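File shown: upload_27.pdb (PDB, C-alpha atoms, pLDDT in the B column).
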ATOM      1  CA  ARG A  14       9.022 -24.514  -1.237  1.00 47.00           C
ATOM      2  CA  ARG A  15      10.801 -21.951   0.923  1.00 54.00           C
ATOM      3  CA  GLY A  16      12.194 -18.578  -0.090  1.00 61.00           C
ATOM      4  CA  ALA A  17      11.340 -14.905   0.223  1.00 63.00           C
ATOM      5  CA  ASP A  18      10.490 -14.741  -3.493  1.00 67.00           C
ATOM      6  CA  VAL A  19       7.727 -17.336  -3.195  1.00 72.00           C
ATOM      7  CA  PHE A  20       6.563 -15.808   0.088  1.00 72.00           C
ATOM      8  CA  THR A  21       6.198 -12.286  -1.309  1.00 70.00           C
ATOM      9  CA  LYS A  22       4.447 -13.384  -4.495  1.00 72.00           C
ATOM     10  CA  SER A  23       1.996 -15.529  -2.536  1.00 75.00           C
ATOM     11  CA  LEU A  24       1.328 -12.711  -0.084  1.00 73.00           C
ATOM     12  CA  GLN A  25       0.763 -10.243  -2.922  1.00 71.00           C
ATOM     13  CA  CYS A  26      -1.893 -12.526  -4.421  1.00 74.00           C
ATOM     14  CA  CYS A  27      -3.626 -12.845  -1.039  1.00 74.00           C
ATOM     15  CA  ALA A  28      -3.512  -9.096  -0.390  1.00 70.00           C
ATOM     16  CA  LEU A  29      -4.755  -8.040  -3.824  1.00 68.00           C
ATOM     17  CA  GLY A  30      -7.510 -10.647  -3.598  1.00 66.00           C
ATOM     18  CA  GLY A  31      -8.669  -9.318  -0.231  1.00 70.00           C
ATOM     19  CA  LEU A  32      -8.078 -12.636   1.544  1.00 72.00           C
ATOM     20  CA  ARG A  33      -8.968 -12.654   5.241  1.00 75.00           C
ATOM     21  CA  VAL A  34      -7.918 -15.255   7.823  1.00 74.00           C
ATOM     22  CA  ASP A  35      -9.296 -15.980  11.273  1.00 76.00           C
ATOM     23  CA  ALA A  36      -7.177 -15.985  14.429  1.00 79.00           C
ATOM     24  CA  GLN A  37      -6.507 -19.735  14.315  1.00 79.00           C
ATOM     25  CA  LYS A  38      -5.251 -19.707  10.718  1.00 79.00           C
ATOM     26  CA  TYR A  39      -3.144 -16.636  11.457  1.00 78.00           C
ATOM     27  CA  LEU A  40      -1.460 -18.361  14.413  1.00 81.00           C
ATOM     28  CA  GLU A  41      -0.885 -21.463  12.289  1.00 79.00           C
ATOM     29  CA  LEU A  42       0.847 -19.346   9.646  1.00 80.00           C
ATOM     30  CA  LEU A  43       2.996 -17.563  12.217  1.00 80.00           C
ATOM     31  CA  GLY A  44       3.883 -20.849  13.912  1.00 81.00           C
ATOM     32  CA  THR A  45       4.840 -22.443  10.591  1.00 81.00           C
ATOM     33  CA  LEU A  46       7.223 -19.599   9.736  1.00 78.00           C
ATOM     34  CA  ILE A  47       8.866 -19.737  13.152  1.00 80.00           C
ATOM     35  CA  SER A  48       9.194 -23.543  13.126  1.00 77.00           C
ATOM     36  CA  ARG A  49      10.846 -23.414   9.693  1.00 75.00           C
ATOM     37  CA  ASP A  50      13.253 -20.709  10.874  1.00 76.00           C
ATOM     38  CA  ALA A  51      11.975 -18.378   8.168  1.00 78.00           C
ATOM     39  CA  ALA A  52      13.590 -15.044   7.388  1.00 78.00           C
ATOM     40  CA  HIS A  53      13.073 -12.550  10.205  1.00 79.00           C
ATOM     41  CA  ALA A  54      11.595 -10.017   7.766  1.00 78.00           C
ATOM     42  CA  GLN A  55       8.938 -12.556   6.740  1.00 80.00           C
ATOM     43  CA  VAL A  56       7.939 -13.064  10.365  1.00 82.00           C
ATOM     44  CA  ARG A  57       7.698  -9.274  10.829  1.00 81.00           C
ATOM     45  CA  VAL A  58       5.441  -9.029   7.785  1.00 80.00           C
ATOM     46  CA  VAL A  59       3.063 -11.574   9.318  1.00 82.00           C
ATOM     47  CA  LEU A  60       3.157  -9.777  12.683  1.00 82.00           C
ATOM     48  CA  ASN A  61       2.103  -6.592  10.865  1.00 77.00           C
ATOM     49  CA  MET A  62      -0.944  -8.390   9.489  1.00 79.00           C
ATOM     50  CA  ALA A  63      -2.456  -8.474  12.971  1.00 77.00           C
ATOM     51  CA  LEU A  64      -2.156  -4.729  13.568  1.00 74.00           C
ATOM     52  CA  PRO A  65      -5.326  -2.615  13.513  1.00 71.00           C
ATOM     53  CA  LYS A  66      -5.884  -0.075  10.764  1.00 65.00           C
ATOM     54  CA  GLY A  67      -3.876   3.070  11.242  1.00 63.00           C
ATOM     55  CA  ALA A  68      -1.362   1.425  13.563  1.00 66.00           C
ATOM     56  CA  LYS A  69       2.314   2.114  12.961  1.00 68.00           C
ATOM     57  CA  PRO A  70       3.787  -0.929  11.177  1.00 74.00           C
ATOM     58  CA  ILE A  71       6.685  -2.901  12.586  1.00 77.00           C
ATOM     59  CA  PRO A  72       9.775  -2.070  10.476  1.00 77.00           C
ATOM     60  CA  LEU A  73      11.219  -4.989   8.549  1.00 73.00           C
ATOM     61  CA  ILE A  74      14.739  -3.826   9.331  1.00 74.00           C
ATOM     62  CA  ALA A  75      15.549  -2.815  12.897  1.00 71.00           C
ATOM     63  CA  LYS A  76      17.328   0.535  13.074  1.00 66.00           C
ATOM     64  CA  ASP A  77      20.210  -0.856  15.146  1.00 71.00           C
ATOM     65  CA  MET A  78      21.017  -3.646  12.651  1.00 72.00           C
ATOM     66  CA  THR A  79      24.369  -3.829  10.904  1.00 77.00           C
ATOM     67  CA  GLU A  80      24.419  -4.177   7.124  1.00 73.00           C
ATOM     68  CA  GLU A  81      25.221  -7.879   7.438  1.00 78.00           C
ATOM     69  CA  GLU A  82      22.354  -8.428   9.898  1.00 76.00           C
ATOM     70  CA  ALA A  83      19.960  -6.527   7.641  1.00 74.00           C
ATOM     71  CA  ARG A  84      20.842  -8.740   4.688  1.00 75.00           C
ATOM     72  CA  ALA A  85      20.473 -11.861   6.806  1.00 76.00           C
ATOM     73  CA  SER A  86      16.993 -10.773   7.961  1.00 73.00           C
ATOM     74  CA  PHE A  87      15.711 -11.340   4.416  1.00 72.00           C
ATOM     75  CA  GLU A  88      17.236 -14.805   4.039  1.00 72.00           C
ATOM     76  CA  ASP A  89      15.740 -18.126   5.059  1.00 63.00           C
ATOM     77  CA  GLN A  90      18.062 -19.863   7.474  1.00 56.00           C
ATOM     78  CA  GLY A  91      17.459 -23.304   5.972  1.00 49.00           C
ATOM     79  CA  GLU A  92      17.505 -22.735   2.219  1.00 45.00           C
ATOM     80  CA  GLU A  93      18.779 -20.161  -0.275  1.00 44.00           C
ATOM     81  CA  GLN A  94      16.826 -18.781  -3.235  1.00 44.00           C
ATOM     82  CA  GLU A  95      17.283 -20.753  -6.451  1.00 45.00           C
ATOM     83  CA  ASP A  96      18.867 -17.790  -8.251  1.00 45.00           C
ATOM     84  CA  GLY A  97      21.077 -16.965  -5.265  1.00 42.00           C
ATOM     85  CA  GLU A  98      19.622 -13.469  -4.901  1.00 43.00           C
ATOM     86  CA  VAL A  99      18.260 -11.896  -1.766  1.00 40.00           C
ATOM     87  CA  VAL A 100      14.792 -10.462  -2.183  1.00 42.00           C
ATOM     88  CA  ALA A 101      13.927  -7.190  -0.496  1.00 40.00           C
ATOM     89  CA  VAL A 102      10.532  -6.914   1.131  1.00 41.00           C
ATOM     90  CA  LYS A 103       8.961  -3.493   1.515  1.00 41.00           C
ATOM     91  CA  GLY A 104       5.667  -1.614   1.332  1.00 44.00           C
ATOM     92  CA  PRO A 105       2.348  -2.201   3.201  1.00 44.00           C
ATOM     93  CA  LEU A 106      -0.396  -4.768   3.370  1.00 43.00           C
ATOM     94  CA  PRO A 107      -4.136  -4.206   3.772  1.00 40.00           C
ATOM     95  CA  GLY A 108      -5.181  -2.776   7.117  1.00 43.00           C
ATOM     96  CA  GLY A 109      -2.001  -0.758   7.524  1.00 43.00           C
ATOM     97  CA  ALA A 110       0.402  -3.716   7.649  1.00 42.00           C
ATOM     98  CA  THR A 111       3.461  -4.028   5.421  1.00 42.00           C
ATOM     99  CA  PHE A 112       3.102  -5.224   1.853  1.00 40.00           C
ATOM    100  CA  PRO A 113       6.068  -6.954   0.139  1.00 40.00           C
ATOM    101  CA  GLN A 114       7.356  -6.057  -3.314  1.00 39.00           C
ATOM    102  CA  VAL A 115       9.994  -8.259  -4.994  1.00 35.00           C
ATOM    103  CA  THR A 116      12.967  -6.085  -5.889  1.00 39.00           C
ATOM    104  CA  GLY A 117      15.853  -8.476  -6.594  1.00 40.00           C
ATOM    105  CA  GLU A 118      19.115  -7.930  -4.719  1.00 41.00           C
ATOM    106  CA  LEU A 119      18.733  -6.229  -1.370  1.00 40.00           C
ATOM    107  CA  ASP A 120      20.006  -2.655  -1.162  1.00 46.00           C
ATOM    108  CA  VAL A 121      20.188  -2.024   2.570  1.00 46.00           C
ATOM    109  CA  ALA A 122      20.558   1.750   2.249  1.00 52.00           C
ATOM    110  CA  GLU A 123      17.551   1.908  -0.070  1.00 50.00           C
ATOM    111  CA  ALA A 124      15.471  -0.241   2.280  1.00 47.00           C
ATOM    112  CA  GLU A 125      16.390   1.916   5.273  1.00 48.00           C
ATOM    113  CA  ALA A 126      15.544   5.104   3.343  1.00 54.00           C
ATOM    114  CA  ALA A 127      12.188   3.636   2.334  1.00 52.00           C
ATOM    115  CA  ALA A 128      11.443   2.714   5.943  1.00 49.00           C
ATOM    116  CA  GLU A 129      12.227   6.251   7.101  1.00 51.00           C
ATOM    117  CA  GLU A 130      10.052   7.701   4.329  1.00 55.00           C
ATOM    118  CA  GLU A 131       7.145   5.470   5.359  1.00 54.00           C
ATOM    119  CA  GLU A 132       7.466   6.652   8.961  1.00 53.00           C
ATOM    120  CA  ASP A 133       7.026  10.272   7.786  1.00 68.00           C
ATOM    121  CA  MET A 134       4.093   9.439   5.538  1.00 82.00           C
ATOM    122  CA  PRO A 135       0.608   9.817   7.063  1.00 89.00           C
ATOM    123  CA  GLN A 136      -1.030   6.479   7.792  1.00 91.00           C
ATOM    124  CA  VAL A 137      -4.557   7.925   7.848  1.00 93.00           C
ATOM    125  CA  LEU A 138      -6.081  10.852   5.937  1.00 94.00           C
ATOM    126  CA  GLU A 139      -9.605  12.205   6.237  1.00 95.00           C
ATOM    127  CA  PHE A 140     -11.535  13.433   3.204  1.00 96.00           C
ATOM    128  CA  HIS A 141     -13.695  16.159   4.669  1.00 95.00           C
ATOM    129  CA  GLY A 142     -16.302  18.679   3.578  1.00 95.00           C
ATOM    130  CA  CYS A 143     -17.279  17.276   0.178  1.00 94.00           C
ATOM    131  CA  GLN A 144     -20.633  18.859  -0.629  1.00 91.00           C
ATOM    132  CA  ALA A 145     -21.483  17.468  -4.061  1.00 92.00           C
ATOM    133  CA  LEU A 146     -20.841  13.837  -3.056  1.00 91.00           C
ATOM    134  CA  PRO A 147     -20.851  13.696   0.766  1.00 92.00           C
ATOM    135  CA  GLU A 148     -20.637   9.905   0.675  1.00 91.00           C
ATOM    136  CA  LEU A 149     -16.966  10.330  -0.269  1.00 93.00           C
ATOM    137  CA  ASN A 150     -16.180  11.855   3.127  1.00 94.00           C
ATOM    138  CA  GLY A 151     -14.399   9.629   5.621  1.00 93.00           C
ATOM    139  CA  GLU A 152     -11.055   8.159   6.650  1.00 94.00           C
ATOM    140  CA  PHE A 153      -8.648   6.765   4.057  1.00 95.00           C
ATOM    141  CA  PHE A 154      -6.030   4.331   5.347  1.00 94.00           C
ATOM    142  CA  PHE A 155      -2.582   3.853   3.831  1.00 92.00           C
ATOM    143  CA  THR A 156      -2.861   0.412   2.296  1.00 88.00           C
ATOM    144  CA  SER A 157      -0.107  -0.289  -0.260  1.00 85.00           C
ATOM    145  CA  PHE A 158       2.324   0.700  -2.974  1.00 87.00           C
ATOM    146  CA  MET A 159       1.381  -0.639  -6.413  1.00 86.00           C
ATOM    147  CA  PRO A 160       4.384  -0.015  -8.705  1.00 86.00           C
ATOM    148  CA  ASP A 161       3.395  -2.892 -11.001  1.00 83.00           C
ATOM    149  CA  ILE A 162       0.073  -1.177 -11.744  1.00 85.00           C
ATOM    150  CA  LEU A 163       0.881   2.515 -11.307  1.00 89.00           C
ATOM    151  CA  GLY A 164       4.556   2.644 -12.267  1.00 88.00           C
ATOM    152  CA  HIS A 165       5.648   4.629  -9.206  1.00 89.00           C
ATOM    153  CA  GLU A 166       6.128   4.353  -5.436  1.00 88.00           C
ATOM    154  CA  ARG A 167       3.504   6.868  -4.276  1.00 92.00           C
ATOM    155  CA  PRO A 168       1.153   5.471  -1.634  1.00 92.00           C
ATOM    156  CA  VAL A 169      -2.340   4.164  -2.201  1.00 94.00           C
ATOM    157  CA  TYR A 170      -5.015   4.936   0.402  1.00 95.00           C
ATOM    158  CA  MET A 171      -8.349   3.170   0.860  1.00 93.00           C
ATOM    159  CA  LYS A 172     -11.675   4.086   2.441  1.00 94.00           C
ATOM    160  CA  GLU A 173     -13.370   0.841   3.425  1.00 90.00           C
ATOM    161  CA  GLY A 174     -16.888   0.335   2.126  1.00 85.00           C
ATOM    162  CA  ASP A 175     -19.909  -0.811   4.082  1.00 78.00           C
ATOM    163  CA  PRO A 176     -21.601  -3.996   2.788  1.00 70.00           C
ATOM    164  CA  VAL A 177     -24.725  -3.133   4.781  1.00 67.00           C
ATOM    165  CA  THR A 178     -25.291   0.156   2.963  1.00 64.00           C
ATOM    166  CA  GLY A 179     -23.841  -1.089  -0.299  1.00 67.00           C
ATOM    167  CA  ASP A 180     -20.921   1.372  -0.250  1.00 78.00           C
ATOM    168  CA  TRP A 181     -17.864   0.181  -2.179  1.00 84.00           C
ATOM    169  CA  ASP A 182     -14.228   0.466  -1.148  1.00 90.00           C
ATOM    170  CA  LEU A 183     -12.802   3.761  -2.424  1.00 93.00           C
ATOM    171  CA  TYR A 184      -9.148   4.254  -3.358  1.00 94.00           C
ATOM    172  CA  ALA A 185      -6.999   7.385  -3.524  1.00 95.00           C
ATOM    173  CA  TYR A 186      -4.012   6.996  -5.863  1.00 96.00           C
ATOM    174  CA  PHE A 187      -1.791   8.956  -8.253  1.00 95.00           C
ATOM    175  CA  TRP A 188      -2.093   8.196 -11.966  1.00 93.00           C
ATOM    176  CA  GLU A 189       0.553   9.374 -14.418  1.00 89.00           C
ATOM    177  CA  ASP A 190      -0.600   9.283 -18.033  1.00 82.00           C
ATOM    178  CA  ASP A 191       1.114  10.025 -21.356  1.00 72.00           C
ATOM    179  CA  THR A 192       2.274  13.581 -21.989  1.00 66.00           C
ATOM    180  CA  ASP A 193      -0.454  14.024 -24.596  1.00 63.00           C
ATOM    181  CA  LYS A 194      -3.042  13.229 -21.911  1.00 67.00           C
ATOM    182  CA  ALA A 195      -1.836  15.590 -19.202  1.00 67.00           C
ATOM    183  CA  TRP A 196      -5.400  16.149 -18.041  1.00 72.00           C
ATOM    184  CA  CYS A 197      -5.466  12.518 -16.860  1.00 85.00           C
ATOM    185  CA  THR A 198      -2.361  12.841 -14.675  1.00 91.00           C
ATOM    186  CA  GLY A 199      -3.018  13.521 -11.002  1.00 94.00           C
ATOM    187  CA  TRP A 200      -4.671  12.100  -7.908  1.00 96.00           C
ATOM    188  CA  TRP A 201      -7.914  10.169  -8.334  1.00 95.00           C
ATOM    189  CA  LEU A 202     -10.593   8.730  -6.080  1.00 95.00           C
ATOM    190  CA  SER A 203     -11.889   5.546  -7.702  1.00 93.00           C
ATOM    191  CA  PHE A 204     -13.592   2.297  -6.810  1.00 92.00           C
ATOM    192  CA  GLU A 205     -10.640   0.408  -8.310  1.00 90.00           C
ATOM    193  CA  VAL A 206      -6.975   1.374  -8.620  1.00 90.00           C
ATOM    194  CA  GLY A 207      -6.521   2.345 -12.253  1.00 85.00           C
ATOM    195  CA  GLY A 208     -10.209   1.732 -12.928  1.00 83.00           C
ATOM    196  CA  GLU A 209     -12.448   3.586 -15.365  1.00 82.00           C
ATOM    197  CA  GLU A 210     -15.061   4.734 -12.854  1.00 87.00           C
ATOM    198  CA  SER A 211     -13.723   7.668 -10.826  1.00 91.00           C
ATOM    199  CA  VAL A 212     -15.542  10.074  -8.530  1.00 94.00           C
ATOM    200  CA  ALA A 213     -12.949  12.795  -7.800  1.00 95.00           C
ATOM    201  CA  TYR A 214      -9.768  14.224  -9.309  1.00 95.00           C
ATOM    202  CA  ASN A 215      -6.931  16.578  -8.336  1.00 95.00           C
ATOM    203  CA  PRO A 216      -4.205  17.658 -10.806  1.00 94.00           C
ATOM    204  CA  ALA A 217      -1.572  18.258  -8.098  1.00 94.00           C
ATOM    205  CA  ASP A 218       1.773  16.464  -8.506  1.00 93.00           C
ATOM    206  CA  SER A 219       2.286  15.744  -4.807  1.00 94.00           C
ATOM    207  CA  PRO A 220       3.812  12.744  -2.957  1.00 93.00           C
ATOM    208  CA  VAL A 221       0.548  12.125  -1.049  1.00 94.00           C
ATOM    209  CA  PRO A 222      -3.089  13.102  -1.731  1.00 95.00           C
ATOM    210  CA  PRO A 223      -3.174  16.934  -1.777  1.00 95.00           C
ATOM    211  CA  ARG A 224      -5.144  18.915   0.757  1.00 95.00           C
ATOM    212  CA  GLU A 225      -7.088  21.233  -1.573  1.00 95.00           C
ATOM    213  CA  GLY A 226      -8.095  21.612  -5.206  1.00 95.00           C
ATOM    214  CA  TRP A 227     -10.361  18.578  -5.544  1.00 96.00           C
ATOM    215  CA  GLN A 228     -12.927  18.214  -8.289  1.00 95.00           C
ATOM    216  CA  VAL A 229     -15.786  15.746  -8.054  1.00 95.00           C
ATOM    217  CA  VAL A 230     -16.790  13.794 -11.140  1.00 92.00           C
ATOM    218  CA  ILE A 231     -20.536  13.773 -11.825  1.00 91.00           C
ATOM    219  CA  ASP A 232     -21.963  12.479 -15.128  1.00 88.00           C
ATOM    220  CA  GLY A 233     -18.451  12.463 -16.559  1.00 85.00           C
ATOM    221  CA  LYS A 234     -17.830  16.145 -15.773  1.00 89.00           C
ATOM    222  CA  ARG A 235     -15.412  17.551 -13.201  1.00 91.00           C
ATOM    223  CA  ARG A 236     -16.788  20.116 -10.787  1.00 91.00           C
ATOM    224  CA  PRO A 237     -14.708  22.037  -8.209  1.00 93.00           C
ATOM    225  CA  ASP A 238     -15.533  21.207  -4.608  1.00 91.00           C
ATOM    226  CA  VAL A 239     -14.448  22.573  -1.233  1.00 90.00           C
ATOM    227  CA  ALA A 240     -13.482  19.108   0.029  1.00 91.00           C
ATOM    228  CA  VAL A 241     -10.053  18.741   1.652  1.00 93.00           C
ATOM    229  CA  PHE A 242      -7.773  15.926   2.772  1.00 94.00           C
ATOM    230  CA  ARG A 243      -6.550  16.512   6.299  1.00 88.00           C
TER
END
Taking this structure as input, can you express it in the form of structure tokens?
Amino acid sequence: RRGADVFTKSLQCCALGGLRVDAQKYLELLGTLISRDAAHAQVRVVLNMALPKGAKPIPLIAKDMTEEEARASFEDQGEEQEDGEVVAVKGPLPGGATFPQVTGELDVAEAEAAAEEEEDMPQVLEFHGCQALPELNGEFFFTSFMPDILGHERPVYMKEGDPVTGDWDLYAYFWEDDTDKAWCTGWWLSFEVGGEESVAYNPADSPVPPREGWQVVIDGKRRPDVAVFR
């Protein structure tokens, strides 16, 4: 069944599940979309999947597009959505590519603003100088927005683990808790987005992981550290 709605939901499942495809399967997917005359934005999403980590993603809406062309780029040429709505695709996929979020009717101005905001947002941040837990140091790559889990559009960054050494993937994300739990609101470094086991915390209310003010979590206690994001 065609449609941007089905495409985005399927791609979300694959991304959150960490699905990987080899070059042959990737080319088969790309060829299928092109042969079916799929929405141009869908094809751009798949092209982004092949980019290396840290690479600048291909925008889903070209800057020189008219409003009509931008709307058409999210529509399949052969079949309309069952509910008649156009689905906007935005946000990143693992490895720095673009991750779709279903948002109902397409607001072109909103999509363009989001694209400009993403261009200004750092794609890679380095956690540097952590003394208490030096294994946290390393590069964190912009990987996705997770509004369904986090309730906001702030970016999520990931430091890829090493299966040889047994290191787990590490995520940097902003968590906003209830007003009566203000001490839980802030930026966290955890092995799972929204998970219970966290290794660092920063109370700053910033759009991206803050540079200074990090506290490492050891035996359930927060301890100030000189580590910085740069």
Which residues fall under the PyMOL selection byres ((chain A and resi 213) around 8) in this file, as an MDAnalysis selection string?
chainID A and resid 201:203 211:212 214:215 227:230 235
Here's a test: counting only C-alpha atoms, identify every protein, DNA and RNA residue with an atom at most 6 Å from (-6.3, 5.1, -2.3) in the file's coordinate frame, and state them as a ChimeraX atom specification.
/A:169-171,184-186
Using the chain letters and numbering of this document, enumerate as a tab-separated table (two decimals) with C-alpha atoms, in the coordinates of the input the residues selected by the PyMOL selection byres ((chain A and resi 52) around 7).
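Just written: out18.tsv:
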chain	number	residue	atom	x	y	z
A	50	ASP	CA	13.25	-20.71	10.87
A	51	ALA	CA	11.98	-18.38	8.17
A	53	HIS	CA	13.07	-12.55	10.20
A	54	ALA	CA	11.60	-10.02	7.77
A	55	GLN	CA	8.94	-12.56	6.74
A	56	VAL	CA	7.94	-13.06	10.36
A	86	SER	CA	16.99	-10.77	7.96
A	87	PHE	CA	15.71	-11.34	4.42
A	88	GLU	CA	17.24	-14.80	4.04
A	89	ASP	CA	15.74	-18.13	5.06
A	90	GLN	CA	18.06	-19.86	7.47
Expand the PyMOL selection byres ((chain A and resi 149) around 9) into the explicit residue set it covers here, and present it as a list of chain:residue names.
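On this input, the PyMOL selection byres ((chain A and resi 149) around 9) captures A:Phe140, A:His141, A:Cys143, A:Leu146, A:Pro147, A:Glu148, A:Asn150, A:Gly151, A:Lys172, A:Leu183, A:Leu202, A:Val212, A:Ala213.
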Minimum-distance residue to Trp200 of chain A, chosen among A:Gly226, A:Gly142, A:Gly44, A:Pro160 (using only C-alpha atoms):
A:Gly226
Between atom CA of Trp188 of chain A and atom CA of Leu64 of chain A, what distance in Å does the model show, to one decimal?
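These two atoms are separated by 28.6 Å.
Each of A:Val206, A:Asp190, A:Glu139, A:Phe242 was checked against Asp161 of chain A using all atoms listed in the file; the smallest atom-to-atom distance is that of A:Val206.
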Using only C-alpha atoms, pick whichever of A:Glu152, A:Asp180, A:Glu189, A:Glu41 has the shortest atom-to-atom distance to Glu166 of chain A.
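Counting only C-alpha atoms, the residue closest to Glu166 of chain A is A:Glu189.
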To one decimal place, how far is atom CA of Pro220 of chain A from atom CA of Gly207 of chain A in Å?
17.4 Å
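Counting only C-alpha atoms, the residue from A:Glu209, A:Glu81, A:Asp218, A:Asp182 that sits nearest to Thr156 of chain A is A:Asp182.
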Which of A:Thr45, A:Leu60, A:Pro223, A:Arg33 sits closest to Pro135 of chain A [using only C-alpha atoms]:
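The closest residue to Pro135 of chain A is A:Pro223.
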As AutoDock Vina command-line options: centre and edge lengths in Å, one decimal, of the axis-aligned box holding segment 56-62 of chain A with 3 Å per side:
--center_x 3.5 --center_y -9.8 --center_z 10.2 --size_x 14.9 --size_y 12.5 --size_z 10.9
What is the atom CA of Pro70 of chain A to atom CA of Glu225 of chain A distance in Å?
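So the two atoms, atom CA of Pro70 of chain A and atom CA of Glu225 of chain A, lie 27.8 Å apart.
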